[in-house]
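Here the structure comes first, spelled out in structure tokens, and everything after it is commentary.
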Protein chains: 2
Amino acid sequence: MKKYNIVIVGGGPAGVTAAISSRNTYPDKTIALIRREKIPMIPCGIPYILHSLNSIDENILPDAPLHNKKVDILVDEVVARNDHILELASGEKVEYEKLVLATGSQVFVPPIKGIDLEGVFYVKKSKEYLETFKEKTLQAKKIIIIGGGFIGLEVADELLKAGKQVVIIERLGQLLPLAMDSEFGDFVAEKLRGLNAEILTGVTVKEIIGQQKVEGVIIDDGRKIDGDLVVVSAGYRPNIELAKKLGLEYNERFGILIDEYLRTSEKDIFAVGDCAAKRNCFTGEFTQIMLASTAMAEGRLAGSNLYDIKVIRKFMGILGSFSTKIAGVALGVSGMTERDAKALGIDYVVGTTETFDRHPGKLPGASKIYVKLIFSRYSHTILGGQVRGGNSVGEIVNILSVMIQKQMTDMEIDTLQIGTHPLLTASPIAYPIINATADAIVKWLHLK
Amino acid sequence: MKKYNIVIVGGGPAGVTAAISSRNTYPDKTIALIRREKIPMIPCGIPYILHSLNSIDENILPDAPLHNKKVDILVDEVVARNDHILELASGEKVEYEKLVLATGSQVFVPPIKGIDLEGVFYVKKSKEYLETFKEKTLQAKKIIIIGGGFIGLEVADELLKAGKQVVIIERLGQLLPLAMDSEFGDFVAEKLRGLNAEILTGVTVKEIIGQQKVEGVIIDDGRKIDGDLVVVSAGYRPNIELAKKLGLEYNERFGILIDEYLRTSEKDIFAVGDCAAKRNCFTGEFTQIMLASTAMAEGRLAGSNLYDIKVIRKFMGILGSFSTKIAGVALGVSGMTERDAKALGIDYVVGTTETFDRHPGKLPGASKIYVKLIFSRYSHTILGGQVRGGNSVGEIVNILSVMIQKQMTDMEIDTLQIGTHPLLTASPIAYPIINATADAIVKWLHLK
């Protein structure tokens, strides 16, 4: 039997981060990470194996950070446990003092007739599966993507770049329907159409049809859409099998129940990342949103606090911070959208601005950038921000993430010192976060 | 006589921002902006007229934002005043209730023998001057740049791109000596040398020599460096002539004296931007640093508070946030450098990290990114950050700017939710601000 102080189950980013954070905080503890995959993938990089990366091997999540931090890697699977002893599929037994579950998520398989046909694929995280996925999609001519969320669109964008015909079918009324407001989803739809994608929103797939293999889908108005391959990108569900085996409390839909320090219902067991139930940071309600930004923050907080509460910061709930790039447009969001604010009945003010991300805008590489911010009219606090533009959107979202997490007010933002440079950012006079904030201030000051 | 509620003197970014902010806050006031220049330049864009922009006309600071905000532009100069009435060079008189001085800065002319020779140029802001400057530098073969601060280096980089031989002479021991720590200055020096620039640091120019016009310079060891044109980039001094005429209090070296709401010694007169004396935000001491980031924050705060204190946020002093791109490397800094911390005798911890700004790092467009953060060991507060890497540095600096202005601690940063994307940012596991923070935490936790 092997003995470790700290055992982490799951080799994705949340598990790796929890392991690194544990090591940083507890230099003398022994740490093992147990994972099923011999070779784990970088989850967010998966769409890019289709075209932008030369091979799937370029998307391997490296083991070096774990080796550097003296974390033992066991490629195995937990099948049972007895008190603090885990039994693995190989027959090996591993004793732990503190256990962190980072078992991740698995694709949601929607109940559509024909879903089991040959030629129906999902965006799964297994390298072996992805090798077939890549081979088959690149052999296909016309691909139907069910689901217009960001993963579906990233896959669509790569397939368009690879010269495929692509049809995107989204059941809600816009692309990116859960993540962003409609002017962002509609903007992306227009860009994708410009690349010859066919986009159907507000449309449900009734059936996937085909004899031996996929030949198309039937949508709710009875029309048939031809296609020789289907990619289903209809969300993910928390992996809670192990939690069930361990007898931990869980919610079937949202995941393993945890407190604000990522502790499960059992002392000595923590859960982080997609497998752990998430709550909205504003409302405290359960949410199905799964993001790396959340998983990493959870992994770091749990890793620091395994033996004692060292970092006195409770997990605030999911902020919902992410970015993507589709059809040449970078998009990002942090915090609440206008749709969220409406749904919650919050009295909000919107500030928007559009400018260039270089100054003067004639400099090579300049892109238009559009920023939309949501403020609480009552407390003047920033609640959320959405951005579309060039590559700088990726980090602009994180400026917003910090502002929202620090509950900054419009006036605090308006008086910030913000660095700018002709070749790197918008003009200081037109800096978009500041100007969208000023727009919101003007609105509540003069228009209410 | 013309009458305005608010008069701003100076048409640079600080003046424009003060005008826009005044209009946003006081919709019913009449506002005029008096400036000398018929056609003002974007100050930060000036180096790029040499090569990256097609013409100087592409670097014009647009009047549209002023027109949109109903600000009258008077191209004129204030020559005298009587109580609240300004007398202009044209003979026109203008009455104001509130006056904002944004008279900017002018180049510092170092006391070097031969400085008046033909062929010695400065990075001035006048369009007419810049037309000659561009013509003459592009005619020259070998150009000597005196001053290795960021403006000198930006000019050097453009001239290298234009195929010129370039010599950079910096009197202190590294490039960017006032702005960044030596590992950043030395990195840039290596990159510039890779583009065939000749770089001399720790070297003083004794004399500029030539018969009719510049033929070279003599440095302190007596050596002669050949060159047919000299660009002097030795800093700027506040423009305080008008303030003197108005009888305001000033410091000859640092500028017009202002309080934390940008008010001068006279009620009803404010000063913003390069002409206003700056204090370090940590020490409260005077500093000669002039940056757009500061000028804009001052302009916005003054503009909001002209008639009454509406925005209850005092100007904190200069943070020192800026970015640049030289020899293909983007660099940025916000807050205190390690050199600053040492000079102030602060007990600090440094955290560093290096990673790629895409993930996986094999994605097209990936650059290495290096982050160095300075934390107070005692209070755990972030005091400063420096970054070098790809274009995302421009906005990463602003994440740091917000963190420093909000006095965030290492643990707050370590538990932030930060959005990442393969095509836009570093990996969530390796996100550089977080990992440099974790490095600092590990250091004080285990090594002290």
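Lettering and numbering for the structure tokens are positional, with chains as A, B, ... in the shown order, residues counted from 1 in each chain, and ligands counted from 1 in the shown order.
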
Chain A residues within 6 Å of chain B, counting only C-alpha atoms: which ones, as number ranges by chain? A: 24, 45, 59, 293-294, 297, 321-324, 360, 391-392, 394-395, 398-399, 415-419, 421-422, 424, 442

When DSSP works through the backbone of this structure, what residues of stretch 218-425 of chain A end up as strand (DSSP E or B), shown as a PyMOL selection string? chain A and resi 218-219+224-226+229-232+236-238+250-251+255-256+263+269-271+276+278-280+286-287+318+322-326+329-335+348-356+368-376+381-389+409

I'd like the interatomic distance between atom CA of B:Asp274 and atom CA of B:Leu138, to a tenth of an Å. 29.4 Å

Alpha helix (DSSP H) residues, from DSSP on the backbone, in stretch 51-300 of chain B, as a PyMOL selection string: chain B and resi 64-68+127-139+150-161+182-194+241-246+292-300

I'd like the interatomic distance between atom CA of B:Leu176 and atom CA of B:Met290, to a tenth of an Å.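 For atom CA of B:Leu176 relative to atom CA of B:Met290, the distance reads 14.3 Å.
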
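Using only C-alpha atoms, the protein and nucleic acid residues lying no more than 10 Å from A:Ile218, apart from those fewer than 2 places from it along its own chain, are Lys113, Thr204, Val205, Lys206, Glu207, Ile208, Ile209, Gly216, Asp220, Asp221, Gly222, Arg223, Lys224, Ile225 and Asp226 of chain A.
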